[in-house]
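Listing of input36.tsv; format and content: TSV, C-alpha atoms.
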chain	number	residue	atom	x	y	z
A	81	MET	CA	181.82	135.46	81.05
A	82	ARG	CA	181.60	134.60	84.72
A	83	ASN	CA	182.63	138.05	85.89
A	84	LEU	CA	180.64	139.82	83.21
A	85	ILE	CA	177.42	140.22	85.20
A	86	PRO	CA	179.03	141.80	88.29
A	87	CYS	CA	181.10	144.02	85.98
A	88	ILE	CA	178.02	145.21	84.13
A	89	CYS	CA	176.25	145.82	87.44
A	90	CYS	CA	179.19	147.83	88.70
A	91	LEU	CA	179.25	149.89	85.52
A	92	LEU	CA	175.51	150.55	85.73
A	93	VAL	CA	175.74	151.55	89.35
A	94	THR	CA	178.70	153.78	88.57
A	95	ALA	CA	176.84	155.45	85.74
A	96	CYS	CA	173.81	156.17	87.93
A	97	GLY	CA	175.45	156.93	91.23
A	98	ALA	CA	178.77	157.95	92.61
A	99	PRO	CA	181.22	159.94	90.54
A	100	GLN	CA	184.11	158.15	88.82
A	101	GLY	CA	187.01	157.46	91.14
A	102	SER	CA	184.93	158.00	94.26
A	103	PRO	CA	185.69	156.11	97.48
A	104	GLU	CA	182.56	154.04	96.79
A	105	ASP	CA	184.05	152.95	93.46
A	106	ALA	CA	187.24	151.97	95.18
A	107	LEU	CA	185.34	149.92	97.75
A	108	GLN	CA	183.28	148.14	95.09
A	109	GLU	CA	186.52	147.37	93.30
A	110	TRP	CA	187.93	146.10	96.62
A	111	VAL	CA	185.04	143.63	96.92
A	112	ALA	CA	185.41	142.50	93.29
A	113	ARG	CA	189.15	142.03	93.80
A	114	GLY	CA	188.53	139.95	96.91
A	115	GLU	CA	185.96	137.80	95.15
A	116	ALA	CA	188.33	137.17	92.25
A	117	ALA	CA	191.17	136.29	94.64
A	118	VAL	CA	188.96	133.82	96.54
A	119	GLU	CA	187.94	132.12	93.33
A	120	LYS	CA	191.60	131.88	92.25
A	121	LYS	CA	192.49	130.64	95.74
A	122	ASP	CA	195.04	133.44	95.88
A	123	ARG	CA	195.63	133.55	99.60
A	124	GLN	CA	198.50	136.03	99.37
A	125	ALA	CA	196.37	138.50	97.43
A	126	LEU	CA	193.68	138.25	100.10
A	127	LEU	CA	196.16	138.67	102.94
A	128	GLY	CA	197.38	141.78	101.13
A	129	MET	CA	193.89	143.23	101.59
A	130	ILE	CA	193.93	142.64	105.35
A	131	SER	CA	195.56	145.02	107.79
A	132	ASP	CA	198.22	143.77	110.21
A	133	ALA	CA	195.97	145.29	112.87
A	134	TYR	CA	192.97	143.13	111.93
A	135	ALA	CA	190.95	141.94	114.92
A	136	ASP	CA	187.41	140.63	115.33
A	137	ALA	CA	185.02	139.69	118.10
A	138	ARG	CA	185.83	136.00	117.67
A	139	GLY	CA	189.42	136.72	118.66
A	140	ASN	CA	190.83	136.22	115.18
A	141	ASN	CA	193.83	138.16	113.95
A	142	ARG	CA	195.19	138.44	110.42
A	143	LYS	CA	197.02	135.12	110.66
A	144	ASP	CA	193.88	133.34	111.89
A	145	ILE	CA	191.91	134.62	108.91
A	146	GLY	CA	194.72	133.47	106.62
A	147	ASP	CA	194.52	130.02	108.23
A	148	LEU	CA	190.75	129.94	107.77
A	149	LEU	CA	191.15	130.79	104.10
A	150	GLY	CA	193.71	128.00	103.87
A	151	ILE	CA	191.11	125.50	105.09
A	152	TYR	CA	188.78	126.35	102.23
A	153	PHE	CA	191.51	126.48	99.63
A	154	ARG	CA	193.11	123.18	100.63
A	155	ARG	CA	189.93	121.22	101.21
A	156	LEU	CA	187.75	122.30	98.34
A	157	GLY	CA	188.14	121.91	94.61
A	158	SER	CA	187.16	124.80	92.39
A	159	PHE	CA	184.27	126.78	93.73
A	160	GLY	CA	182.57	130.06	93.06
A	161	LEU	CA	181.10	132.87	95.07
A	162	PHE	CA	178.26	135.21	94.50
A	163	THR	CA	178.30	138.49	96.32
A	164	ASP	CA	175.70	141.16	96.78
A	165	ILE	CA	176.79	144.48	98.23
A	166	GLY	CA	174.00	145.69	100.50
A	167	ASP	CA	175.45	148.96	101.61
A	168	ILE	CA	178.66	150.94	101.68
A	169	MET	CA	179.07	153.53	104.42
A	170	ILE	CA	182.02	155.86	104.32
A	171	THR	CA	183.06	157.93	107.32
A	172	GLY	CA	185.45	160.78	106.64
A	173	ASP	CA	188.04	159.84	104.05
A	174	THR	CA	189.64	156.87	105.71
A	175	ALA	CA	186.98	154.62	107.30
A	176	ALA	CA	184.30	152.50	105.69
A	177	MET	CA	181.85	149.70	106.39
A	178	ILE	CA	180.61	147.29	103.73
A	179	ASP	CA	177.54	145.09	104.21
A	180	LEU	CA	177.83	142.08	101.96
A	181	THR	CA	175.89	138.88	101.34
A	182	VAL	CA	178.00	135.98	100.18
A	183	GLY	CA	176.90	132.62	98.84
A	184	MET	CA	179.18	129.80	97.83
A	185	ALA	CA	178.62	127.55	94.85
A	186	GLY	CA	178.92	123.86	95.48
A	187	THR	CA	176.69	124.31	98.50
A	188	GLY	CA	174.28	121.56	99.36
A	189	ASP	CA	176.86	119.00	98.26
A	190	SER	CA	177.09	116.50	101.08
A	191	ALA	CA	180.53	115.35	99.94
A	192	THR	CA	182.02	118.77	100.59
A	193	GLY	CA	180.06	119.36	103.79
A	194	LEU	CA	179.03	122.79	102.64
A	195	SER	CA	175.75	124.29	103.72
A	196	ALA	CA	173.53	126.05	101.22
A	197	ASP	CA	173.14	129.05	103.48
A	198	ALA	CA	174.27	132.46	102.41
A	199	TYR	CA	176.16	134.51	104.94
A	200	SER	CA	176.02	138.18	105.82
A	201	PHE	CA	179.33	139.92	106.34
A	202	GLU	CA	180.04	143.35	107.73
A	203	PHE	CA	183.50	144.48	106.79
A	204	GLU	CA	185.25	147.36	108.51
A	205	LEU	CA	187.94	148.96	106.41
A	206	GLN	CA	190.52	151.64	106.90
A	207	LYS	CA	192.37	153.51	104.21
A	208	SER	CA	196.12	153.25	104.44
A	209	GLY	CA	197.78	155.40	101.78
A	210	ASP	CA	195.88	154.57	98.60
A	211	GLU	CA	194.77	151.14	99.80
A	212	TRP	CA	191.67	150.11	101.69
A	213	LEU	CA	192.52	147.42	104.22
A	214	LEU	CA	190.24	145.18	106.26
A	215	ILE	CA	190.63	145.88	109.98
A	216	GLY	CA	187.60	144.01	111.34
A	217	ALA	CA	184.67	141.84	110.33
A	218	ARG	CA	181.48	140.38	111.70
A	219	TRP	CA	179.50	137.61	110.08
A	220	GLY	CA	176.63	135.21	110.52
A	221	GLU	CA	174.11	133.18	108.59
A	222	LEU	CA	171.76	135.35	106.56
A	223	GLY	CA	169.01	136.71	108.79
A	224	ARG	CA	170.86	135.88	112.01
A	225	ILE	CA	172.68	138.22	114.34
A	226	LEU	CA	176.20	139.05	113.22
A	227	HIS	CA	179.05	138.70	115.64
B	18	MET	CA	174.02	152.45	95.95
B	19	LYS	CA	171.58	149.89	94.57
B	20	PRO	CA	172.13	146.25	95.51
B	21	MET	CA	171.95	143.61	92.78
B	22	ASN	CA	168.49	142.18	92.40
B	23	ARG	CA	167.62	138.49	92.10
B	24	ASN	CA	167.58	138.58	88.28
B	25	GLN	CA	171.07	139.98	88.20
B	26	LEU	CA	172.32	137.32	90.59
B	27	MET	CA	170.79	134.30	88.84
B	28	PRO	CA	173.18	134.11	85.84
B	29	GLY	CA	176.14	134.32	88.18
B	30	LEU	CA	174.64	131.67	90.45
B	31	SER	CA	174.01	129.34	87.53
B	32	LEU	CA	177.62	129.63	86.45
B	33	CYS	CA	178.75	129.02	90.00
B	34	LEU	CA	176.63	125.88	90.19
B	35	LEU	CA	178.15	124.62	86.95
B	36	LEU	CA	181.58	125.21	88.39
B	37	SER	CA	180.61	123.26	91.47
B	38	ALA	CA	180.48	120.12	89.34
B	39	CYS	CA	184.28	120.35	89.33
B	40	ALA	CA	184.48	120.69	93.10
B	41	GLY	CA	186.69	118.34	95.09
B	42	THR	CA	185.15	115.63	97.20
B	43	GLU	CA	187.10	116.21	100.39
B	44	PRO	CA	184.78	117.65	103.00
B	45	LEU	CA	185.44	121.15	104.25
B	46	VAL	CA	185.57	119.86	107.82
B	47	SER	CA	186.25	116.22	108.73
B	48	THR	CA	183.77	114.81	111.21
B	49	PRO	CA	185.00	114.67	114.80
B	50	ALA	CA	184.43	111.68	117.06
B	51	VAL	CA	182.20	112.38	120.05
B	52	ASN	CA	182.12	109.91	122.93
B	53	LEU	CA	180.31	109.84	126.21
B	54	THR	CA	183.03	109.67	128.85
B	55	SER	CA	181.14	109.97	132.12
B	56	VAL	CA	177.67	109.71	133.60
B	57	LYS	CA	177.29	111.04	137.09
B	58	LEU	CA	174.20	111.22	139.24
B	59	GLU	CA	174.68	114.74	140.52
B	60	SER	CA	171.68	115.16	142.79
B	61	VAL	CA	168.53	113.34	143.80
B	62	SER	CA	165.32	114.66	145.23
B	63	PHE	CA	161.86	113.23	145.63
B	64	ARG	CA	160.73	114.59	142.26
B	65	GLN	CA	163.90	115.13	140.28
B	66	GLN	CA	167.24	113.58	139.48
B	67	THR	CA	170.07	115.49	137.91
B	68	PHE	CA	172.67	113.73	135.81
B	69	LEU	CA	175.87	115.25	134.56
B	70	LEU	CA	177.04	113.81	131.24
B	71	GLY	CA	180.63	114.26	130.15
B	72	PHE	CA	181.65	114.14	126.48
B	73	GLU	CA	184.95	114.10	124.68
B	74	VAL	CA	185.37	115.46	121.17
B	75	SER	CA	188.33	114.32	119.06
B	76	ASN	CA	189.15	116.68	116.22
B	77	PRO	CA	190.84	114.98	113.25
B	78	ASN	CA	191.33	118.28	111.41
B	79	ALA	CA	194.56	120.22	111.17
B	80	PHE	CA	192.71	123.32	112.38
B	81	PRO	CA	190.75	124.16	115.55
B	82	LEU	CA	187.00	123.56	115.63
B	83	PRO	CA	185.03	126.38	117.27
B	84	VAL	CA	181.81	124.68	118.43
B	85	LYS	CA	178.75	126.87	118.92
B	86	VAL	CA	175.82	124.46	119.17
B	87	VAL	CA	175.59	120.85	120.36
B	88	LYS	CA	172.53	118.87	119.33
B	89	TYR	CA	172.29	115.48	120.98
B	90	ARG	CA	170.16	112.46	121.77
B	91	ILE	CA	171.16	109.86	124.29
B	92	LEU	CA	169.77	106.37	124.72
B	93	PHE	CA	170.51	104.26	127.76
B	94	ASP	CA	169.75	100.57	127.42
B	95	ASP	CA	168.03	101.38	124.11
B	96	GLU	CA	165.58	103.80	125.75
B	97	ARG	CA	165.66	107.51	125.11
B	98	PHE	CA	167.20	109.16	128.13
B	99	ALA	CA	167.70	112.76	127.10
B	100	GLY	CA	168.00	114.99	124.09
B	101	GLY	CA	168.11	118.58	123.12
B	102	GLU	CA	170.14	121.40	121.74
B	103	THR	CA	172.46	123.53	123.76
B	104	ARG	CA	174.46	126.59	122.86
B	105	ALA	CA	178.15	126.14	123.40
B	106	ARG	CA	181.30	128.18	123.12
B	107	PHE	CA	184.37	126.02	123.14
B	108	THR	CA	187.13	125.24	120.69
B	109	VAL	CA	188.58	121.80	120.10
B	110	PRO	CA	192.27	122.18	119.26
B	111	ALA	CA	193.67	121.00	115.93
B	112	ARG	CA	194.19	117.22	116.01
B	113	GLY	CA	193.35	117.34	119.70
B	114	ASN	CA	190.57	116.64	122.14
B	115	GLY	CA	188.07	118.80	123.95
B	116	ASN	CA	185.52	118.11	126.64
B	117	PHE	CA	182.10	119.43	127.51
B	118	LEU	CA	179.44	118.66	130.09
B	119	ILE	CA	175.68	118.57	129.74
B	120	GLY	CA	173.39	118.59	132.74
B	121	VAL	CA	170.15	116.62	132.44
B	122	ASN	CA	167.29	117.16	134.86
B	123	LEU	CA	164.81	114.31	134.94
B	124	ASP	CA	161.39	114.99	136.37
B	125	ILE	CA	160.56	111.55	137.67
B	126	ALA	CA	156.81	112.07	137.54
B	127	SER	CA	156.70	113.14	133.89
B	128	SER	CA	159.47	111.03	132.45
B	129	ALA	CA	159.03	107.89	134.46
B	130	SER	CA	158.57	105.64	131.45
B	131	GLN	CA	161.85	106.81	129.92
B	132	ILE	CA	163.94	106.05	132.95
B	133	THR	CA	162.11	103.11	134.39
B	134	SER	CA	164.59	100.64	133.00
B	135	LEU	CA	167.57	102.73	134.04
B	136	LEU	CA	166.44	103.28	137.58
B	137	ALA	CA	164.66	100.03	138.23
B	138	GLY	CA	166.25	98.65	141.34
B	139	GLY	CA	168.27	101.82	141.80
B	140	VAL	CA	170.86	103.48	139.59
B	141	PRO	CA	172.93	100.74	137.91
B	142	ASP	CA	176.72	100.54	138.09
B	143	HIS	CA	177.05	100.42	134.30
B	144	VAL	CA	174.76	101.29	131.45
B	145	SER	CA	174.93	100.71	127.72
B	146	TYR	CA	174.53	103.91	125.77
B	147	ARG	CA	174.17	105.30	122.32
B	148	VAL	CA	174.74	108.97	121.65
B	149	GLU	CA	174.06	110.74	118.38
B	150	GLY	CA	173.78	114.32	117.31
B	151	ALA	CA	175.52	117.13	115.51
B	152	LEU	CA	178.01	119.86	116.27
B	153	THR	CA	177.48	123.23	114.65
B	154	VAL	CA	180.83	124.91	114.15
B	155	ASP	CA	181.53	128.58	113.72
B	156	ILE	CA	183.06	128.17	110.27
B	157	PRO	CA	181.11	129.88	107.48
B	158	PHE	CA	179.38	127.48	105.06
B	159	ALA	CA	180.27	124.39	107.10
B	160	ARG	CA	177.37	122.04	107.63
B	161	PRO	CA	176.63	120.70	111.12
B	162	LEU	CA	178.92	117.73	111.80
B	163	ARG	CA	176.97	114.59	112.62
B	164	PHE	CA	178.30	112.09	115.12
B	165	ALA	CA	177.23	108.81	116.69
B	166	SER	CA	178.88	106.47	119.15
B	167	SER	CA	177.93	103.70	121.54
B	168	GLY	CA	179.37	101.63	124.34
B	169	VAL	CA	179.05	100.77	128.00
B	170	ILE	CA	179.86	103.29	130.68
B	171	PRO	CA	179.97	103.26	134.49
B	172	VAL	CA	177.46	105.46	136.31
B	173	GLY	CA	179.11	107.57	138.99
B	174	ARG	CA	177.35	108.84	142.09
Write out the structure in this file as structure tokens.
Amino acid sequence: MRNLIPCICCLLVTACGAPQGSPEDALQEWVARGEAAVEKKDRQALLGMISDAYADARGNNRKDIGDLLGIYFRRLGSFGLFTDIGDIMITGDTAAMIDLTVGMAGTGDSATGLSADAYSFEFELQKSGDEWLLIGARWGELGRILH
Amino acid sequence: MKPMNRNQLMPGLSLCLLLSACAGTEPLVSTPAVNLTSVKLESVSFRQQTFLLGFEVSNPNAFPLPVKVVKYRILFDDERFAGGETRARFTVPARGNGNFLIGVNLDIASSASQITSLLAGGVPDHVSYRVEGALTVDIPFARPLRFASSGVIPVGR
């Protein structure tokens, strides 16, 4: 039930927009897969979506992102995400950028120390074989500058 | 492609909020201790005095804390001495300590009432203090981490 709404949205968008099996489809599926893995606290699945060459402006590498995910997964009980894909930009056949807004359920709960703010993410992906892998990311509170 | 609109998001959000009722109670980030470690009178002129305040942050978490904003208020001898918000860029190591400095310029003419007690008879050797504020960390969804501490500290010159 929980995943029904995003699934329906994806199907609607697919029906109206990009052809079946397009890179855009694959990238939407990549986001849905990531969301599901976060909600299952499947850190290995998420790490499998991140390139060994991952680097960001904060100085994080793939291991650092794995550690950050570990913080959330260890500290929090069950939680949910809502995601809203703002834009998908594909360059050539092997590079893509995804603008994404992410909110976390359980926000505003003082016991968990979570803020109610949604965050904007800009994911940079590269296609390696048949797989899209995250090679960089910027983020910030919604409406603020990303870095 | 078309982004989801608000109506499409609401059912998902509602379900997420229901799920949150099952959330654990351990905070995402444990609150660090922040203590004032030094007060130094850096410079004195006819109109202005500059103090340099040193702070130590103790991180109880098993992961580093990247601090990006420090919001603070300092009382000396129960009178407001200084306060504000300053952008920062330092990381407190996991289960370790970090230090930062804040410079405070006091315009004697405009803030005389606030520092009268501190400076009456010259700068005292020791002063009782209370510091409170919040650290904003660069960890998505983490709330600012509130802190408060008090004590007596020597004033260096």
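Going from CA of Ile145 (chain A) over to CA of Ala151 (chain B), you cover 24.9 Å.
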| query | When distances are computed from only C-alpha atoms, which of B:Arg106, B:Tyr146, B:Lys57, B:Leu152 shows the smallest separation from Asn76 (chain B)? | reply |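 Of B:Arg106, B:Tyr146, B:Lys57, B:Leu152, the one nearest Asn76 (chain B), counting only C-alpha atoms, is B:Leu152.
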| query | Which residues, protein or nucleic acid, reach to within 9 Å of (183.2, 110.6, 121.5) in the file's coordinates when using all atoms listed in the file, and can you give that as a list of chain:residue names? | reply |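 Residues lying no farther than 9 Å from the given point: B:Pro49, B:Ala50, B:Val51, B:Asn52, B:Leu53, B:Thr54, B:Phe72, B:Glu73, B:Val74, B:Ser75, B:Val148, B:Phe164, B:Ala165, B:Ser166, B:Ser167.
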I need the residues from that last selection saved to file as a CSV table (one decimal), in the frame of the given file (with C-alpha atoms), if you can.
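Once written, result.csv looks like this:
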chain,number,residue,atom,x,y,z
B,49,PRO,CA,185.0,114.7,114.8
B,50,ALA,CA,184.4,111.7,117.1
B,51,VAL,CA,182.2,112.4,120.0
B,52,ASN,CA,182.1,109.9,122.9
B,53,LEU,CA,180.3,109.8,126.2
B,54,THR,CA,183.0,109.7,128.8
B,72,PHE,CA,181.6,114.1,126.5
B,73,GLU,CA,185.0,114.1,124.7
B,74,VAL,CA,185.4,115.5,121.2
B,75,SER,CA,188.3,114.3,119.1
B,148,VAL,CA,174.7,109.0,121.6
B,164,PHE,CA,178.3,112.1,115.1
B,165,ALA,CA,177.2,108.8,116.7
B,166,SER,CA,178.9,106.5,119.2
B,167,SER,CA,177.9,103.7,121.5
| Neighbour list for region 121-130 of chain A as a ChimeraX atom specification, cut-off 9 Å, only C-alpha atoms, skip fewer than 5 positions in-chain | /A:110,113-114,116,142-143,145-146,149-150,152-154,158,205,211-216
| task | Using only C-alpha atoms, pick whichever of A:Leu180, A:Ala133, A:Ala198, A:Ile170 has the shortest atom-to-atom distance to Arg218 (chain A). | result |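 Residue with the minimum atom-to-atom distance to Arg218 (chain A): A:Leu180.
Each of B:Leu45, B:Leu82, B:Asn114, B:Phe107 was compared to chain A using all atoms listed in the file, and B:Leu45 turns out to be the nearest.
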| Which distance in Å separates CA of Asp210 (chain A) and CA of Ser131 (chain A), to one decimal? |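 Between CA of Asp210 (chain A) and CA of Ser131 (chain A) the gap is 13.3 Å.
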| request: May I have the residues at most 8 Å from (178.2, 107.6, 133.8) in the file's coordinates, counting only C-alpha atoms, as a PyMOL selection string? | output: chain B and resi 54-58+70-71+143-144+170-173
| Among the residues B:Asn116, B:Thr48, B:Thr153, B:Thr103, the one that comes closest to Val84 (chain B) [using only C-alpha atoms] | B:Thr153
| query | Could you work out how far CA of Arg90 (chain B) lies from CA of Ser62 (chain B), giving the answer in Å with one decimal? | reply | 24.1 Å
| query | Which of these, B:Glu59, B:Glu149, B:Asp142, B:Asp155, has the shortest distance to Ile91 (chain B) once you count only C-alpha atoms? | reply |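 Of B:Glu59, B:Glu149, B:Asp142, B:Asp155, the one nearest Ile91 (chain B) is B:Glu149, counting only C-alpha atoms.
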| query | Using only C-alpha atoms, which of B:Ala99, B:Ala105, B:Leu69, B:Leu162 sits nearest chain A? | reply | B:Leu162
| said: Need to verify the contact set: Glu115 (chain A), 9 Å, all atoms listed in the file, exclusion of same-chain residues closer than 6 positions in sequence. Can you return it as a ChimeraX atom specification? | reply: /A:160-163
What's around Ala217 (chain A) at 12 Å? Count all atoms listed in the file, leave out sequence neighbours fewer than 6 positions away in its own chain, and write the answer as an mmCIF file with C-alpha atoms, keeping the file's coordinate frame.
data_model
loop_
_atom_site.group_PDB
_atom_site.id
_atom_site.type_symbol
_atom_site.label_atom_id
_atom_site.label_comp_id
_atom_site.auth_asym_id
_atom_site.auth_seq_id
_atom_site.Cartn_x
_atom_site.Cartn_y
_atom_site.Cartn_z
ATOM 1 C CA ILE A 130 193.930 142.640 105.350
ATOM 2 C CA SER A 131 195.560 145.020 107.790
ATOM 3 C CA TYR A 134 192.970 143.130 111.930
ATOM 4 C CA ALA A 135 190.950 141.940 114.920
ATOM 5 C CA ASP A 136 187.410 140.630 115.330
ATOM 6 C CA ALA A 137 185.020 139.690 118.100
ATOM 7 C CA ARG A 138 185.830 136.000 117.670
ATOM 8 C CA GLY A 139 189.420 136.720 118.660
ATOM 9 C CA ASN A 140 190.830 136.220 115.180
ATOM 10 C CA ASN A 141 193.830 138.160 113.950
ATOM 11 C CA ARG A 142 195.190 138.440 110.420
ATOM 12 C CA ILE A 145 191.910 134.620 108.910
ATOM 13 C CA ALA A 176 184.300 152.500 105.690
ATOM 14 C CA MET A 177 181.850 149.700 106.390
ATOM 15 C CA ILE A 178 180.610 147.290 103.730
ATOM 16 C CA ASP A 179 177.540 145.090 104.210
ATOM 17 C CA LEU A 180 177.830 142.080 101.960
ATOM 18 C CA SER A 200 176.020 138.180 105.820
ATOM 19 C CA PHE A 201 179.330 139.920 106.340
ATOM 20 C CA GLU A 202 180.040 143.350 107.730
ATOM 21 C CA PHE A 203 183.500 144.480 106.790
ATOM 22 C CA GLU A 204 185.250 147.360 108.510
ATOM 23 C CA LEU A 205 187.940 148.960 106.410
ATOM 24 C CA GLN A 206 190.520 151.640 106.900
ATOM 25 C CA LEU A 226 176.200 139.050 113.220
ATOM 26 C CA HIS A 227 179.050 138.700 115.640
#
Please, can region 71-99 of chain B be completed to N, CA and C atoms and returned as an mmCIF file, in the coordinates of the input?
data_model
loop_
_atom_site.group_PDB
_atom_site.id
_atom_site.type_symbol
_atom_site.label_atom_id
_atom_site.label_comp_id
_atom_site.auth_asym_id
_atom_site.auth_seq_id
_atom_site.Cartn_x
_atom_site.Cartn_y
_atom_site.Cartn_z
ATOM 1 N N GLY B 71 179.379 113.731 130.673
ATOM 2 C CA GLY B 71 180.630 114.260 130.150
ATOM 3 C C GLY B 71 180.919 113.700 128.758
ATOM 4 N N PHE B 72 181.362 114.551 127.858
ATOM 5 C CA PHE B 72 181.650 114.140 126.480
ATOM 6 C C PHE B 72 183.071 114.540 126.117
ATOM 7 N N GLU B 73 183.648 113.735 125.236
ATOM 8 C CA GLU B 73 184.950 114.100 124.680
ATOM 9 C C GLU B 73 184.831 114.187 123.162
ATOM 10 N N VAL B 74 185.378 115.250 122.620
ATOM 11 C CA VAL B 74 185.370 115.460 121.170
ATOM 12 C C VAL B 74 186.794 115.324 120.658
ATOM 13 N N SER B 75 187.003 114.463 119.672
ATOM 14 C CA SER B 75 188.330 114.320 119.060
ATOM 15 C C SER B 75 188.289 114.949 117.672
ATOM 16 N N ASN B 76 189.141 115.916 117.476
ATOM 17 C CA ASN B 76 189.150 116.680 116.220
ATOM 18 C C ASN B 76 190.228 116.130 115.277
ATOM 19 N N PRO B 77 189.833 115.538 114.168
ATOM 20 C CA PRO B 77 190.840 114.980 113.250
ATOM 21 C C PRO B 77 191.418 116.031 112.295
ATOM 22 N N ASN B 78 190.913 117.239 112.362
ATOM 23 C CA ASN B 78 191.330 118.280 111.410
ATOM 24 C C ASN B 78 192.618 118.972 111.856
ATOM 25 N N ALA B 79 193.301 119.519 110.882
ATOM 26 C CA ALA B 79 194.560 120.220 111.170
ATOM 27 C C ALA B 79 194.299 121.680 111.563
ATOM 28 N N PHE B 80 193.073 121.965 111.949
ATOM 29 C CA PHE B 80 192.710 123.320 112.380
ATOM 30 C C PHE B 80 191.731 123.201 113.541
ATOM 31 N N PRO B 81 191.654 124.225 114.391
ATOM 32 C CA PRO B 81 190.750 124.160 115.550
ATOM 33 C C PRO B 81 189.284 124.173 115.102
ATOM 34 N N LEU B 82 188.436 123.568 115.904
ATOM 35 C CA LEU B 82 187.000 123.560 115.630
ATOM 36 C C LEU B 82 186.284 124.408 116.691
ATOM 37 N N PRO B 83 185.802 125.585 116.314
ATOM 38 C CA PRO B 83 185.030 126.380 117.270
ATOM 39 C C PRO B 83 183.568 125.906 117.277
ATOM 40 N N VAL B 84 183.157 125.268 118.361
ATOM 41 C CA VAL B 84 181.810 124.680 118.430
ATOM 42 C C VAL B 84 180.853 125.702 119.032
ATOM 43 N N LYS B 85 179.703 125.894 118.380
ATOM 44 C CA LYS B 85 178.750 126.870 118.920
ATOM 45 C C LYS B 85 177.413 126.256 119.314
ATOM 46 N N VAL B 86 177.069 125.125 118.765
ATOM 47 C CA VAL B 86 175.820 124.460 119.170
ATOM 48 C C VAL B 86 176.059 122.950 119.217
ATOM 49 N N VAL B 87 175.547 122.318 120.258
ATOM 50 C CA VAL B 87 175.590 120.850 120.360
ATOM 51 C C VAL B 87 174.145 120.350 120.357
ATOM 52 N N LYS B 88 173.838 119.514 119.386
ATOM 53 C CA LYS B 88 172.530 118.870 119.330
ATOM 54 C C LYS B 88 172.760 117.399 119.643
ATOM 55 N N TYR B 89 171.977 116.840 120.544
ATOM 56 C CA TYR B 89 172.290 115.480 120.980
ATOM 57 C C TYR B 89 171.031 114.700 121.326
ATOM 58 N N ARG B 90 171.188 113.384 121.306
ATOM 59 C CA ARG B 90 170.160 112.460 121.770
ATOM 60 C C ARG B 90 170.883 111.287 122.399
ATOM 61 N N ILE B 91 170.470 110.929 123.581
ATOM 62 C CA ILE B 91 171.160 109.860 124.290
ATOM 63 C C ILE B 91 170.170 108.752 124.649
ATOM 64 N N LEU B 92 170.570 107.540 124.342
ATOM 65 C CA LEU B 92 169.770 106.370 124.720
ATOM 66 C C LEU B 92 170.571 105.558 125.718
ATOM 67 N N PHE B 93 169.921 105.196 126.800
ATOM 68 C CA PHE B 93 170.510 104.260 127.760
ATOM 69 C C PHE B 93 169.711 102.964 127.687
ATOM 70 N N ASP B 94 170.418 101.873 127.541
ATOM 71 C CA ASP B 94 169.750 100.570 127.420
ATOM 72 C C ASP B 94 168.629 100.632 126.375
ATOM 73 N N ASP B 95 168.936 101.274 125.251
ATOM 74 C CA ASP B 95 168.030 101.380 124.110
ATOM 75 C C ASP B 95 166.765 102.198 124.383
ATOM 76 N N GLU B 96 166.718 102.899 125.491
ATOM 77 C CA GLU B 96 165.580 103.800 125.750
ATOM 78 C C GLU B 96 166.079 105.236 125.741
ATOM 79 N N ARG B 97 165.260 106.098 125.161
ATOM 80 C CA ARG B 97 165.660 107.510 125.110
ATOM 81 C C ARG B 97 165.783 108.057 126.517
ATOM 82 N N PHE B 98 166.933 108.619 126.793
ATOM 83 C CA PHE B 98 167.200 109.160 128.130
ATOM 84 C C PHE B 98 167.099 110.690 128.129
ATOM 85 N N ALA B 99 167.721 111.295 127.148
ATOM 86 C CA ALA B 99 167.700 112.760 127.100
ATOM 87 C C ALA B 99 168.045 113.212 125.688
#
